[in-house]
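*Asks:* Can you keep this structure in mind? I'll have questions shortly.
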2 protein chains.
Amino acid sequence: MKNGDGAVPAAHANPNHRPNIEKFVANIRRRYEFTPSETLLIQDRITEIASFTPGEFLVREGEKIGYCSLILEGFAARCKETRGGDRQIMELQIPGDFVDLHSYPLEVLDHGICALAHCTIAKLYHKDITMLIEEHPRLARILWFSTMVDASIHREWIMNIGSRSGSARIAHLLCELYCRYEVVGLTQDRRFPFPLNQTQIGECLGFTQVHVNRLLRDLRESKLLSLHDRQAEIHDWDGLCDLADFDSAYLYLEKREA
Amino acid sequence: MKNGDGAVPAAHANPNHRPNIEKFVANIRRRYEFTPSETLLIQDRITEIASFTPGEFLVREGEKIGYCSLILEGFAARCKETRGGDRQIMELQIPGDFVDLHSYPLEVLDHGICALAHCTIAKLYHKDITMLIEEHPRLARILWFSTMVDASIHREWIMNIGSRSGSARIAHLLCELYCRYEVVGLTQDRRFPFPLNQTQIGECLGFTQVHVNRLLRDLRESKLLSLHDRQAEIHDWDGLCDLADFDSAYLYLEKREA
DNA sequence: CGAGGGGTTGACGTTGTTCAATGAGCGTGG
DNA sequence: CCACGCTCATTGAACAACGTCAACCCCTCG
C-alpha cells in the first residue's frame with residue numbers, strides 16, 4: 001500500500017528525506033487554505049517514523065507520552081476496555097488522521113489506540129508542537145479544529161449507538177468512513193478499505209459478533225452494502241444514507257474562512 | 001416562546017459589576033494555577049448576560065453564532081434530534097461549564113444546546129477570545145484543554161451506552177455528575193441538583209422513559225441512590241461506583257504542570 | 001494434517017419497547 | 001374554594017430486539 005498518487009504540489013522536492021504527510025494535508029486543505037511552506041513546517045518537525053502490527057497499541061490507556069501520532073498508512077481505533085475484558089471502540093482512525101493530538105493538551109490519554117491493520121505513523125513531539133504553534137498561531141487554530149472534529153464524531157457515535165436501529169448503526173458507520181476516506185483519496189468507485197472483522201464492528205456499535213453477522217446479512221440482502229476481502233463496497237449510497245439517517249455536516253467537510 | 005437572547009438586559013448596565021465566574025475559575029484551578037488577574041482578563045471580556053427557561057435553546061443545531069456561552073447558573077444539555085423526532089443528549093452541562101466553546105474553532109455547531117432548568121449564561125464573543133489568546137497564549141492551552149475534557153466525556157458516554165448494563169448506565173451518569181458538581185462546590189453531603197425527569201434520563205442513555213422508571217426502582221431498592229425534588233441523593237457511593245465501573249480519571253481532575 | 005481465526009446459523013433466554021391504564025401533584029380559571 | 005388540564009411517575013402485559021450457547025463451515029498457515 002504505497003502512495004499511489006503522488007499528487008500534492010511538491011512541498012518536498014525529495015520525498016526520501018521527508019515523510020509523506022499528503023493525506024494529513026488533504027484533510028487540512030479540505031477545510032483551510034494551506035500552503036506548501038506550511039506543510040514543510042510540519043514535515044520538518046517529524047523526526048521519527050514507527051510501525052505497528054495488528055493488535056499492537058500505539059498508545060495505552062493512561063500512558064503518558066511526549067508525542068502525538070499521525071497515521072500515514074493503516075487503520076487504528078481509539079478504545080477502552082471494560083471490567084469484563086470486553087472492548088469498546090470509540091473512533092476509527094484512517095490515514096491522514098492526527099490520531100492522538102488529544103494527548104497534547106491532555107498529557108495522559110484516557111483511552112488506548114490500537115492498530116487494527118498494519119500501521120505506519122509519524123511522531124510529532126509535544127515540545128515541537130509547542131514551538132510550531134508559538135511561531136505560527138494559525139496552526140494552533142487548525143490543530144484545535146482538528147481535535148474538535150473528533151469530538152463531533154464522538155457525539156455522532158453517541159447518537160448512533162443511543163438512538164438508531166441495528167442495521168442503521170452499521171450503515172451509519174460505513175457512511176462515515178466512506179466520506180472520510182474520500183477526503184484522503186482512498187476510495188475507488190464505491191469501495192474502500194475496511195479491515196474490521198464482525199467482532200470489531202460489534203465493539204464499535206455495542207453488539208455481539210453474532211448479531212453483527214445477522215445485521216450484515218440483512219444489509220447484503222437489501223443490496224445496500226457488502227464486505228469482502230477487508231474492503232467495504234457500497235451498492236446503494238442513497239439507500240444507505242437514508243437508512244442511516246446520515247448527514248455529513250458533523251464531519252465539517254466545508255471550506256472555512258481564515 | 002420568545003428567544004431568551006438579551007431577555008435580561010444585563011446585570012451589566014453597571015460596568016463595575018463583574019459577572020461571577022467563580023465556578024468556571026474553580027474548574028480551571030482544579031487543573032491549573034490561575035491568578036486573580038487572569039480571572040479579570042476573562043471577566044472584562046464578558047459584555048452580556050442572558051437567561052433561558054427550561055426547554056429553550058441556547059444554541060440551535062447548525063446555527064452560526066459569534067460567541068460562546070459560559071454557564072453561571074442552571075442546567076443544560078448538548079443534544080441532537082433524530083429523524084423520528086426523538087432526542088439524544090450527549091453531555092450534561094452544569095454551572096462553571098464553558099458549554100459551547102466548541103463553536104470557537106468549529107464556527108457552526110453540529111448539535112444544539114438546550115436549557116433543562118432555568119439558566120443564566122455569560123457570553124464571550126469569538127473575536128474577544130481571539131484577542132485574549134493572542135495576548136495570553138497560556139489561556140489558549142487552558143481553553144483547548146477544557147474542550148478536550150468534553151471529548152473525553154463523550155468517549156466515556158460511548159463506553160457507557162455501548163458497553164454497560166441498564167442500571168450501570170444510570171449509576172455511571174450519576175457518578176460523573178457528582179464528581180463534576182463537587183469541583184464547583186454544589187454538592188452537600190451526597191446530594192446534588194438533578195433536574196432531569198425520567199424521559200430526559202432516557203434521552204441520555206438510549207432508553208425509554210418506562211425502562212428508566214424500572215431501572216431507577218431497582219437502584220432505589222438496592223439502596224444505592226434515589227431522586228427527589230429535582231435532586232439526586234447517593235446512599236452508597238462505593239456501591240454505586242462498583243456497579244457503574246466508575247473511574248474518574250477521564251474527568252482529568254488532577255493538577256497539572258504549566 | 002491439525003490448529004486457529006473468521007463467518008454462518010439455529011434454539012432459546014434476557015433486556016428493552018410499546019401500548020395502555022392509573023394516580024399523585026400542581027397551577028389555572030371559574 | 002373546587003374542577004380541570006397538565007406533567008410526571010408507576011405498573012402490567014404483549015412483543016421485538018439482542019445476547020448466549022453451541023454447532024458447523026470455510027479458509028489459511030504451519
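By convention here, the chains of the C-alpha cells are called A, B, ... in the order presented, each chain's residues are numbered starting at 1, and ligands are numbered starting at 1 in the order presented.
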I'd like the superposed copy of chain A - fitted to chain B by least squares over all paired Cα atoms - as a CSV table (one decimal) with C-alpha atoms, in the first residue's frame.
*Replies:*
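Written out: result00.csv:
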chain,number,residue,atom,x,y,z
A,1,MET,CA,-32.2,30.6,41.1
A,2,LYS,CA,-30.0,33.6,41.7
A,3,ASN,CA,-26.3,33.5,42.6
A,4,GLY,CA,-26.7,32.6,46.2
A,5,ASP,CA,-23.1,32.8,47.2
A,6,GLY,CA,-21.3,35.9,46.0
A,7,ALA,CA,-17.9,34.3,46.7
A,8,VAL,CA,-15.6,35.0,43.8
A,9,PRO,CA,-12.8,37.4,44.9
A,10,ALA,CA,-14.3,40.6,43.5
A,11,ALA,CA,-13.1,40.9,39.9
A,12,HIS,CA,-16.3,42.9,39.3
A,13,ALA,CA,-16.7,45.8,41.6
A,14,ASN,CA,-20.1,46.4,40.1
A,15,PRO,CA,-21.9,43.1,39.3
A,16,ASN,CA,-24.7,44.9,37.5
A,17,HIS,CA,-22.5,45.9,34.6
A,18,ARG,CA,-20.6,42.6,34.2
A,19,PRO,CA,-22.1,39.2,33.7
A,20,ASN,CA,-21.5,36.8,36.6
A,21,ILE,CA,-19.3,34.1,35.2
A,22,GLU,CA,-18.1,32.9,38.6
A,23,LYS,CA,-19.1,29.3,37.9
A,24,PHE,CA,-17.1,29.3,34.7
A,25,VAL,CA,-14.2,30.7,36.6
A,26,ALA,CA,-14.6,28.1,39.3
A,27,ASN,CA,-14.2,25.4,36.6
A,28,ILE,CA,-11.0,27.0,35.4
A,29,ARG,CA,-9.6,27.6,38.8
A,30,ARG,CA,-10.1,24.0,39.7
A,31,ARG,CA,-7.5,23.2,37.1
A,32,TYR,CA,-5.4,26.4,36.5
A,33,GLU,CA,-4.3,29.5,38.4
A,34,PHE,CA,-6.6,32.2,37.2
A,35,THR,CA,-6.4,35.8,38.3
A,36,PRO,CA,-9.2,38.3,38.7
A,37,SER,CA,-7.7,40.4,35.9
A,38,GLU,CA,-7.9,37.4,33.6
A,39,THR,CA,-11.5,37.0,34.6
A,40,LEU,CA,-12.1,40.6,33.7
A,41,LEU,CA,-10.6,40.0,30.2
A,42,ILE,CA,-13.4,37.6,29.5
A,43,GLN,CA,-16.2,39.5,31.2
A,44,ASP,CA,-15.4,42.5,29.2
A,45,ARG,CA,-15.8,40.7,25.9
A,46,ILE,CA,-19.3,39.5,26.8
A,47,THR,CA,-21.7,41.9,25.2
A,48,GLU,CA,-24.9,39.9,25.2
A,49,ILE,CA,-27.0,37.8,27.5
A,50,ALA,CA,-29.8,35.6,26.2
A,51,SER,CA,-32.3,33.2,27.8
A,52,PHE,CA,-34.1,30.1,26.6
A,53,THR,CA,-37.1,28.1,27.8
A,54,PRO,CA,-37.1,24.4,28.1
A,55,GLY,CA,-37.2,22.7,24.6
A,56,GLU,CA,-35.7,25.7,22.8
A,57,PHE,CA,-32.5,25.3,20.9
A,58,LEU,CA,-29.5,27.5,21.8
A,59,VAL,CA,-27.9,26.3,18.5
A,60,ARG,CA,-29.4,23.9,15.9
A,61,GLU,CA,-27.5,21.1,14.3
A,62,GLY,CA,-25.7,22.4,11.2
A,63,GLU,CA,-26.2,26.0,12.0
A,64,LYS,CA,-23.3,28.5,11.4
A,65,ILE,CA,-23.1,30.9,14.3
A,66,GLY,CA,-20.5,33.6,15.1
A,67,TYR,CA,-20.5,33.2,18.8
A,68,CYS,CA,-20.1,30.7,21.7
A,69,SER,CA,-22.4,30.3,24.6
A,70,LEU,CA,-21.4,30.2,28.2
A,71,ILE,CA,-24.1,28.8,30.5
A,72,LEU,CA,-24.8,31.1,33.5
A,73,GLU,CA,-27.9,29.3,34.8
A,74,GLY,CA,-30.0,26.4,33.8
A,75,PHE,CA,-29.5,23.0,32.1
A,76,ALA,CA,-28.9,22.1,28.5
A,77,ALA,CA,-27.9,19.1,26.3
A,78,ARG,CA,-25.9,18.4,23.2
A,79,CYS,CA,-28.1,16.2,21.0
A,80,LYS,CA,-28.7,14.9,17.5
A,81,GLU,CA,-31.9,13.6,16.0
A,82,THR,CA,-32.2,10.2,14.4
A,83,ARG,CA,-33.9,9.5,11.2
A,84,GLY,CA,-36.8,8.0,13.1
A,85,GLY,CA,-37.4,11.3,14.9
A,86,ASP,CA,-35.8,10.1,18.2
A,87,ARG,CA,-33.1,11.9,19.9
A,88,GLN,CA,-29.7,11.0,21.3
A,89,ILE,CA,-28.2,13.2,24.0
A,90,MET,CA,-24.4,13.2,24.0
A,91,GLU,CA,-23.5,15.5,26.9
A,92,LEU,CA,-25.3,17.3,29.6
A,93,GLN,CA,-24.4,20.9,30.3
A,94,ILE,CA,-24.7,22.8,33.6
A,95,PRO,CA,-23.9,26.3,34.7
A,96,GLY,CA,-20.3,27.2,34.2
A,97,ASP,CA,-20.0,25.1,31.0
A,98,PHE,CA,-18.7,26.8,27.9
A,99,VAL,CA,-21.1,24.8,26.0
A,100,ASP,CA,-20.4,25.4,22.3
A,101,LEU,CA,-16.8,26.5,22.4
A,102,HIS,CA,-16.5,23.6,19.9
A,103,SER,CA,-18.0,25.9,17.3
A,104,TYR,CA,-15.0,28.2,17.5
A,105,PRO,CA,-12.7,25.9,15.6
A,106,LEU,CA,-15.4,24.0,13.9
A,107,GLU,CA,-17.5,27.0,12.6
A,108,VAL,CA,-20.5,24.8,12.0
A,109,LEU,CA,-21.8,22.6,14.8
A,110,ASP,CA,-22.4,18.9,14.1
A,111,HIS,CA,-25.0,18.7,16.8
A,112,GLY,CA,-27.7,20.9,18.4
A,113,ILE,CA,-27.8,22.3,21.9
A,114,CYS,CA,-31.2,22.2,23.5
A,115,ALA,CA,-32.3,23.8,26.8
A,116,LEU,CA,-33.8,21.3,29.2
A,117,ALA,CA,-34.5,23.8,31.9
A,118,HIS,CA,-34.7,27.6,31.7
A,119,CYS,CA,-31.3,28.8,30.6
A,120,THR,CA,-29.4,32.0,30.8
A,121,ILE,CA,-26.3,32.3,28.6
A,122,ALA,CA,-23.6,34.7,27.9
A,123,LYS,CA,-22.4,35.1,24.3
A,124,LEU,CA,-18.8,35.4,23.3
A,125,TYR,CA,-18.2,36.2,19.7
A,126,HIS,CA,-15.7,34.3,17.7
A,127,LYS,CA,-13.9,37.4,16.6
A,128,ASP,CA,-13.5,38.4,20.3
A,129,ILE,CA,-12.2,35.0,21.2
A,130,THR,CA,-9.6,35.4,18.4
A,131,MET,CA,-8.5,38.7,19.8
A,132,LEU,CA,-8.4,37.4,23.4
A,133,ILE,CA,-6.2,34.4,22.6
A,134,GLU,CA,-3.9,36.4,20.3
A,135,GLU,CA,-3.2,38.8,23.1
A,136,HIS,CA,-3.2,36.1,25.8
A,137,PRO,CA,-2.0,32.7,24.5
A,138,ARG,CA,-2.4,31.2,27.9
A,139,LEU,CA,-6.2,31.6,27.5
A,140,ALA,CA,-6.0,29.6,24.2
A,141,ARG,CA,-4.5,26.7,26.1
A,142,ILE,CA,-7.1,26.9,28.8
A,143,LEU,CA,-9.9,27.0,26.3
A,144,TRP,CA,-8.4,24.2,24.3
A,145,PHE,CA,-8.1,22.2,27.5
A,146,SER,CA,-11.8,22.9,28.2
A,147,THR,CA,-12.9,21.4,24.9
A,148,MET,CA,-10.7,18.4,25.4
A,149,VAL,CA,-12.4,17.6,28.7
A,150,ASP,CA,-15.7,17.5,26.7
A,151,ALA,CA,-14.0,15.0,24.4
A,152,SER,CA,-13.0,13.0,27.4
A,153,ILE,CA,-16.5,13.0,28.7
A,154,HIS,CA,-17.7,11.8,25.3
A,155,ARG,CA,-15.3,8.9,25.5
A,156,GLU,CA,-16.6,8.0,28.9
A,157,TRP,CA,-20.1,8.1,27.6
A,158,ILE,CA,-19.1,5.7,24.8
A,159,MET,CA,-17.8,3.4,27.5
A,160,ASN,CA,-20.9,3.8,29.5
A,161,ILE,CA,-23.4,3.0,26.8
A,162,GLY,CA,-21.2,0.4,25.1
A,163,SER,CA,-20.0,-1.5,28.1
A,164,ARG,CA,-22.1,-1.1,31.3
A,165,SER,CA,-25.2,-2.7,32.5
A,166,GLY,CA,-28.5,-0.8,32.6
A,167,SER,CA,-28.5,0.3,36.2
A,168,ALA,CA,-24.7,1.0,36.1
A,169,ARG,CA,-25.3,3.4,33.2
A,170,ILE,CA,-27.8,5.5,35.2
A,171,ALA,CA,-25.5,5.4,38.2
A,172,HIS,CA,-22.6,6.6,36.2
A,173,LEU,CA,-24.5,9.4,34.7
A,174,LEU,CA,-25.5,10.6,38.2
A,175,CYS,CA,-22.0,10.2,39.5
A,176,GLU,CA,-20.6,12.4,36.7
A,177,LEU,CA,-23.2,15.1,37.3
A,178,TYR,CA,-22.6,15.1,41.0
A,179,CYS,CA,-18.9,15.7,40.5
A,180,ARG,CA,-19.4,18.4,38.0
A,181,TYR,CA,-22.0,20.2,40.1
A,182,GLU,CA,-19.7,20.1,43.1
A,183,VAL,CA,-17.0,22.0,41.2
A,184,VAL,CA,-19.4,24.9,40.6
A,185,GLY,CA,-20.9,24.8,44.1
A,186,LEU,CA,-24.4,23.6,43.2
A,187,THR,CA,-24.6,20.6,45.4
A,188,GLN,CA,-26.0,20.5,48.9
A,189,ASP,CA,-25.5,17.4,51.0
A,190,ARG,CA,-25.9,14.7,48.4
A,191,ARG,CA,-28.5,16.6,46.3
A,192,PHE,CA,-28.2,18.5,43.1
A,193,PRO,CA,-30.4,19.8,40.3
A,194,PHE,CA,-31.6,17.2,37.9
A,195,PRO,CA,-34.4,18.4,35.6
A,196,LEU,CA,-34.5,15.4,33.2
A,197,ASN,CA,-37.6,13.3,32.9
A,198,GLN,CA,-37.4,9.5,32.4
A,199,THR,CA,-37.7,9.9,28.6
A,200,GLN,CA,-34.7,12.3,28.5
A,201,ILE,CA,-32.6,10.0,30.8
A,202,GLY,CA,-33.3,7.3,28.2
A,203,GLU,CA,-32.1,9.6,25.4
A,204,CYS,CA,-28.8,9.9,27.2
A,205,LEU,CA,-28.3,6.2,27.7
A,206,GLY,CA,-30.0,4.5,24.8
A,207,PHE,CA,-33.0,3.2,26.7
A,208,THR,CA,-36.7,3.6,26.4
A,209,GLN,CA,-38.6,5.6,29.0
A,210,VAL,CA,-40.2,2.4,30.3
A,211,HIS,CA,-36.9,0.7,30.9
A,212,VAL,CA,-35.5,3.8,32.6
A,213,ASN,CA,-38.5,3.6,34.9
A,214,ARG,CA,-37.7,0.1,35.9
A,215,LEU,CA,-34.0,0.7,36.4
A,216,LEU,CA,-34.7,3.8,38.6
A,217,ARG,CA,-37.0,1.6,40.7
A,218,ASP,CA,-34.2,-0.9,41.2
A,219,LEU,CA,-31.8,1.9,42.2
A,220,ARG,CA,-34.4,3.3,44.6
A,221,GLU,CA,-35.0,-0.1,46.2
A,222,SER,CA,-31.2,-0.7,46.5
A,223,LYS,CA,-31.2,2.6,48.5
A,224,LEU,CA,-28.5,4.1,46.1
A,225,LEU,CA,-30.3,7.1,44.8
A,226,SER,CA,-33.7,8.7,44.2
A,227,LEU,CA,-35.1,11.5,42.0
A,228,HIS,CA,-37.7,14.0,43.4
A,229,ASP,CA,-38.8,17.5,42.3
A,230,ARG,CA,-36.3,17.9,39.5
A,231,GLN,CA,-33.5,17.1,41.9
A,232,ALA,CA,-31.3,14.0,42.4
A,233,GLU,CA,-30.4,12.7,45.8
A,234,ILE,CA,-27.6,10.2,46.3
A,235,HIS,CA,-28.1,8.0,49.3
A,236,ASP,CA,-25.0,5.9,49.1
A,237,TRP,CA,-22.2,7.5,47.2
A,238,ASP,CA,-19.7,4.6,47.6
A,239,GLY,CA,-22.3,2.1,46.6
A,240,LEU,CA,-23.2,4.1,43.6
A,241,CYS,CA,-19.6,4.6,42.5
A,242,ASP,CA,-19.0,0.9,42.9
A,243,LEU,CA,-22.0,-0.1,40.9
A,244,ALA,CA,-21.1,2.4,38.2
A,245,ASP,CA,-17.4,1.6,38.2
A,246,PHE,CA,-17.0,5.3,38.4
A,247,ASP,CA,-13.5,6.9,38.4
A,248,SER,CA,-13.5,10.7,38.1
A,249,ALA,CA,-10.1,10.8,36.5
A,250,TYR,CA,-11.7,11.5,33.1
A,251,LEU,CA,-13.1,14.8,34.4
A,252,TYR,CA,-9.6,16.1,35.0
A,253,LEU,CA,-10.4,17.8,38.3
A,254,GLU,CA,-6.8,18.0,39.5
A,255,LYS,CA,-4.8,21.2,39.5
A,256,ARG,CA,-2.1,21.4,36.8
A,257,GLU,CA,1.0,23.3,36.0
A,258,ALA,CA,1.2,26.4,33.8
*Asks:* Identify all residues of range 69-204 of chain B in helix (DSSP H, G or I) (DSSP on the backbone) and supply them as a VMD selection string.
*Replies:* chain B and resid 103 to 106 126 to 135 137 to 163 166 to 183 198 to 204
*Asks:* Store the residues picked out above in a file with C-alpha atoms, as a PDB file, in the first residue's frame.
*Replies:*
ATOM      1  CA  SER B 103     -18.123  26.689  18.467  1.00  0.00           C
ATOM      2  CA  TYR B 104     -14.972  28.816  18.589  1.00  0.00           C
ATOM      3  CA  PRO B 105     -12.909  26.515  16.360  1.00  0.00           C
ATOM      4  CA  LEU B 106     -15.931  24.950  14.652  1.00  0.00           C
ATOM      5  CA  HIS B 126     -15.247  34.833  19.398  1.00  0.00           C
ATOM      6  CA  LYS B 127     -13.343  37.968  18.461  1.00  0.00           C
ATOM      7  CA  ASP B 128     -12.667  38.614  22.136  1.00  0.00           C
ATOM      8  CA  ILE B 129     -11.471  35.053  22.622  1.00  0.00           C
ATOM      9  CA  THR B 130      -9.128  35.548  19.691  1.00  0.00           C
ATOM     10  CA  MET B 131      -7.694  38.696  21.287  1.00  0.00           C
ATOM     11  CA  LEU B 132      -7.426  37.009  24.669  1.00  0.00           C
ATOM     12  CA  ILE B 133      -5.460  34.036  23.451  1.00  0.00           C
ATOM     13  CA  GLU B 134      -3.253  36.081  21.170  1.00  0.00           C
ATOM     14  CA  GLU B 135      -2.164  38.165  24.126  1.00  0.00           C
ATOM     15  CA  PRO B 137      -1.172  32.006  24.833  1.00  0.00           C
ATOM     16  CA  ARG B 138      -1.446  30.179  28.142  1.00  0.00           C
ATOM     17  CA  LEU B 139      -5.196  30.779  28.037  1.00  0.00           C
ATOM     18  CA  ALA B 140      -5.359  29.117  24.630  1.00  0.00           C
ATOM     19  CA  ARG B 141      -3.884  25.993  26.130  1.00  0.00           C
ATOM     20  CA  ILE B 142      -6.305  26.048  29.051  1.00  0.00           C
ATOM     21  CA  LEU B 143      -9.305  26.525  26.788  1.00  0.00           C
ATOM     22  CA  TRP B 144      -8.148  23.813  24.406  1.00  0.00           C
ATOM     23  CA  PHE B 145      -7.710  21.515  27.387  1.00  0.00           C
ATOM     24  CA  SER B 146     -11.224  22.310  28.514  1.00  0.00           C
ATOM     25  CA  THR B 147     -12.695  21.246  25.184  1.00  0.00           C
ATOM     26  CA  MET B 148     -10.640  18.068  25.245  1.00  0.00           C
ATOM     27  CA  VAL B 149     -12.181  17.100  28.562  1.00  0.00           C
ATOM     28  CA  ASP B 150     -15.544  17.354  26.836  1.00  0.00           C
ATOM     29  CA  ALA B 151     -14.235  14.969  24.175  1.00  0.00           C
ATOM     30  CA  SER B 152     -13.080  12.613  26.913  1.00  0.00           C
ATOM     31  CA  ILE B 153     -16.529  12.749  28.491  1.00  0.00           C
ATOM     32  CA  HIS B 154     -18.038  11.969  25.099  1.00  0.00           C
ATOM     33  CA  ARG B 155     -15.835   8.891  24.855  1.00  0.00           C
ATOM     34  CA  GLU B 156     -16.885   7.698  28.278  1.00  0.00           C
ATOM     35  CA  TRP B 157     -20.526   8.105  27.249  1.00  0.00           C
ATOM     36  CA  ILE B 158     -19.888   5.970  24.178  1.00  0.00           C
ATOM     37  CA  MET B 159     -18.444   3.376  26.532  1.00  0.00           C
ATOM     38  CA  ASN B 160     -21.398   3.776  28.856  1.00  0.00           C
ATOM     39  CA  ILE B 161     -24.111   3.395  26.249  1.00  0.00           C
ATOM     40  CA  GLY B 162     -22.267   0.780  24.236  1.00  0.00           C
ATOM     41  CA  SER B 163     -20.927  -1.495  26.949  1.00  0.00           C
ATOM     42  CA  GLY B 166     -29.007  -0.705  32.189  1.00  0.00           C
ATOM     43  CA  SER B 167     -28.637   0.099  35.862  1.00  0.00           C
ATOM     44  CA  ALA B 168     -24.875   0.568  35.482  1.00  0.00           C
ATOM     45  CA  ARG B 169     -25.517   3.236  32.858  1.00  0.00           C
ATOM     46  CA  ILE B 170     -27.686   5.254  35.192  1.00  0.00           C
ATOM     47  CA  ALA B 171     -25.234   4.742  38.030  1.00  0.00           C
ATOM     48  CA  HIS B 172     -22.374   5.971  35.876  1.00  0.00           C
ATOM     49  CA  LEU B 173     -24.262   9.074  34.822  1.00  0.00           C
ATOM     50  CA  LEU B 174     -24.860   9.980  38.453  1.00  0.00           C
ATOM     51  CA  CYS B 175     -21.268   9.264  39.480  1.00  0.00           C
ATOM     52  CA  GLU B 176     -19.991  11.593  36.781  1.00  0.00           C
ATOM     53  CA  LEU B 177     -22.324  14.390  37.758  1.00  0.00           C
ATOM     54  CA  TYR B 178     -21.482  14.028  41.432  1.00  0.00           C
ATOM     55  CA  CYS B 179     -17.751  14.433  40.712  1.00  0.00           C
ATOM     56  CA  ARG B 180     -18.283  17.400  38.443  1.00  0.00           C
ATOM     57  CA  TYR B 181     -20.617  19.129  40.892  1.00  0.00           C
ATOM     58  CA  GLU B 182     -18.108  18.637  43.658  1.00  0.00           C
ATOM     59  CA  VAL B 183     -15.459  20.608  41.742  1.00  0.00           C
ATOM     60  CA  GLN B 198     -37.186  10.099  33.536  1.00  0.00           C
ATOM     61  CA  THR B 199     -37.741  10.868  29.863  1.00  0.00           C
ATOM     62  CA  GLN B 200     -34.608  13.020  29.784  1.00  0.00           C
ATOM     63  CA  ILE B 201     -32.549  10.406  31.601  1.00  0.00           C
ATOM     64  CA  GLY B 202     -33.641   8.033  28.865  1.00  0.00           C
ATOM     65  CA  GLU B 203     -32.504  10.531  26.228  1.00  0.00           C
ATOM     66  CA  CYS B 204     -29.027  10.471  27.762  1.00  0.00           C
TER      67      CYS B 204
END
*Asks:* Do you know which residues are at most 10 Å from range 17-25 of chain C counting only C-alpha atoms (C1' of nucleotides), after dropping those on the same chain fewer than 3 positions away, and could you put them as a list in words?
*Replies:*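 Non-adjacent residues within range: Phe207, Thr208, Val210 and His211 of chain B; DT7, DC8, DA9, DT10, DT11, DG12, DA13, DA14, DC15, DA16 and DA17 of chain D.
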*Asks:* For the residues in the current selection, export N, CA and C atoms (P, O5', C5', C4', C3', O3' and C1' of nucleotides) as a tab-separated table (two decimals), in the first residue's frame.
*Replies:*
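What landed in selection_25.tsv:
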chain	number	residue	atom	x	y	z
B	207	PHE	N	-32.58	4.89	26.46
B	207	PHE	CA	-33.67	4.08	26.98
B	207	PHE	C	-35.01	4.82	26.84
B	208	THR	N	-36.10	4.06	26.94
B	208	THR	CA	-37.40	4.71	27.02
B	208	THR	C	-37.64	5.14	28.46
B	210	VAL	N	-40.18	4.49	30.28
B	210	VAL	CA	-40.70	3.38	31.07
B	210	VAL	C	-39.56	2.51	31.62
B	211	HIS	N	-38.58	2.28	30.77
B	211	HIS	CA	-37.48	1.43	31.22
B	211	HIS	C	-36.64	2.14	32.28
D	7	DT	P	-48.21	18.88	29.11
D	7	DT	O5'	-47.27	18.46	30.33
D	7	DT	C5'	-46.79	19.48	31.22
D	7	DT	C4'	-46.17	18.81	32.43
D	7	DT	C3'	-45.20	17.68	32.07
D	7	DT	O3'	-44.01	17.85	32.82
D	7	DT	C1'	-46.79	16.91	33.63
D	8	DC	P	-42.67	16.99	32.45
D	8	DC	O5'	-42.69	15.81	33.53
D	8	DC	C5'	-42.62	16.14	34.92
D	8	DC	C4'	-43.04	14.93	35.71
D	8	DC	C3'	-42.27	13.65	35.35
D	8	DC	O3'	-41.41	13.31	36.44
D	8	DC	C1'	-44.60	13.27	35.67
D	9	DA	P	-40.51	12.00	36.40
D	9	DA	O5'	-41.46	10.97	37.14
D	9	DA	C5'	-41.81	11.21	38.49
D	9	DA	C4'	-42.69	10.09	39.00
D	9	DA	C3'	-42.09	8.68	38.90
D	9	DA	O3'	-42.29	8.03	40.14
D	9	DA	C1'	-44.20	8.73	37.86
D	10	DT	P	-41.63	6.63	40.45
D	10	DT	O5'	-42.78	5.60	40.05
D	10	DT	C5'	-44.02	5.63	40.74
D	10	DT	C4'	-44.95	4.61	40.16
D	10	DT	C3'	-44.35	3.23	39.91
D	10	DT	O3'	-44.95	2.33	40.84
D	10	DT	C1'	-45.78	3.92	38.14
D	11	DT	P	-44.36	0.88	41.11
D	11	DT	O5'	-45.21	-0.03	40.11
D	11	DT	C5'	-46.63	0.00	40.21
D	11	DT	C4'	-47.25	-0.64	39.00
D	11	DT	C3'	-46.61	-1.97	38.54
D	11	DT	O3'	-47.49	-3.02	38.92
D	11	DT	C1'	-47.26	-0.58	36.71
D	12	DG	P	-47.14	-4.56	38.64
D	12	DG	O5'	-47.90	-4.84	37.26
D	12	DG	C5'	-49.30	-4.68	37.20
D	12	DG	C4'	-49.82	-5.07	35.82
D	12	DG	C3'	-49.23	-6.37	35.27
D	12	DG	O3'	-50.31	-7.15	34.76
D	12	DG	C1'	-48.91	-4.60	33.72
D	13	DA	P	-50.11	-8.68	34.34
D	13	DA	O5'	-50.14	-8.56	32.76
D	13	DA	C5'	-51.15	-7.76	32.14
D	13	DA	C4'	-50.97	-7.85	30.64
D	13	DA	C3'	-50.38	-9.17	30.16
D	13	DA	O3'	-50.94	-9.49	28.89
D	13	DA	C1'	-48.93	-7.42	29.55
D	14	DA	P	-50.56	-10.87	28.13
D	14	DA	O5'	-49.96	-10.30	26.76
D	14	DA	C5'	-50.74	-9.39	25.99
D	14	DA	C4'	-49.91	-8.85	24.86
D	14	DA	C3'	-49.24	-9.93	23.99
D	14	DA	O3'	-49.34	-9.52	22.63
D	14	DA	C1'	-47.59	-8.49	24.86
D	15	DC	P	-48.77	-10.45	21.45
D	15	DC	O5'	-47.39	-9.75	21.10
D	15	DC	C5'	-47.37	-8.36	20.76
D	15	DC	C4'	-45.94	-7.90	20.65
D	15	DC	C3'	-45.05	-8.78	19.78
D	15	DC	O3'	-44.54	-7.98	18.73
D	15	DC	C1'	-43.96	-8.17	21.78
D	16	DA	P	-43.82	-8.65	17.47
D	16	DA	O5'	-42.43	-7.87	17.42
D	16	DA	C5'	-42.43	-6.46	17.64
D	16	DA	C4'	-41.03	-6.04	18.01
D	16	DA	C3'	-39.94	-6.62	17.11
D	16	DA	O3'	-39.04	-5.58	16.77
D	16	DA	C1'	-39.48	-7.15	19.39
D	17	DA	P	-37.75	-5.88	15.87
D	17	DA	O5'	-36.58	-5.70	16.93
D	17	DA	C5'	-36.59	-4.59	17.81
D	17	DA	C4'	-35.39	-4.70	18.73
D	17	DA	C3'	-34.09	-5.05	18.02
D	17	DA	O3'	-33.07	-4.28	18.62
D	17	DA	C1'	-34.55	-6.68	19.68
*Asks:* Residues near DG29 in chain C, anyone? I mean within 12 Å using only C-alpha atoms (C1' of nucleotides), not counting same-chain ones fewer than 5 positions away, as an MDAnalysis selection string.
*Replies:* chainID D and resid 2:5
*Asks:* Give me, as a VMD selection string, the contact residues of chain C against chain A at a cut-off of 12 Å, counting only C-alpha atoms (C1' of nucleotides).
*Replies:* chain C and resid 5 to 10
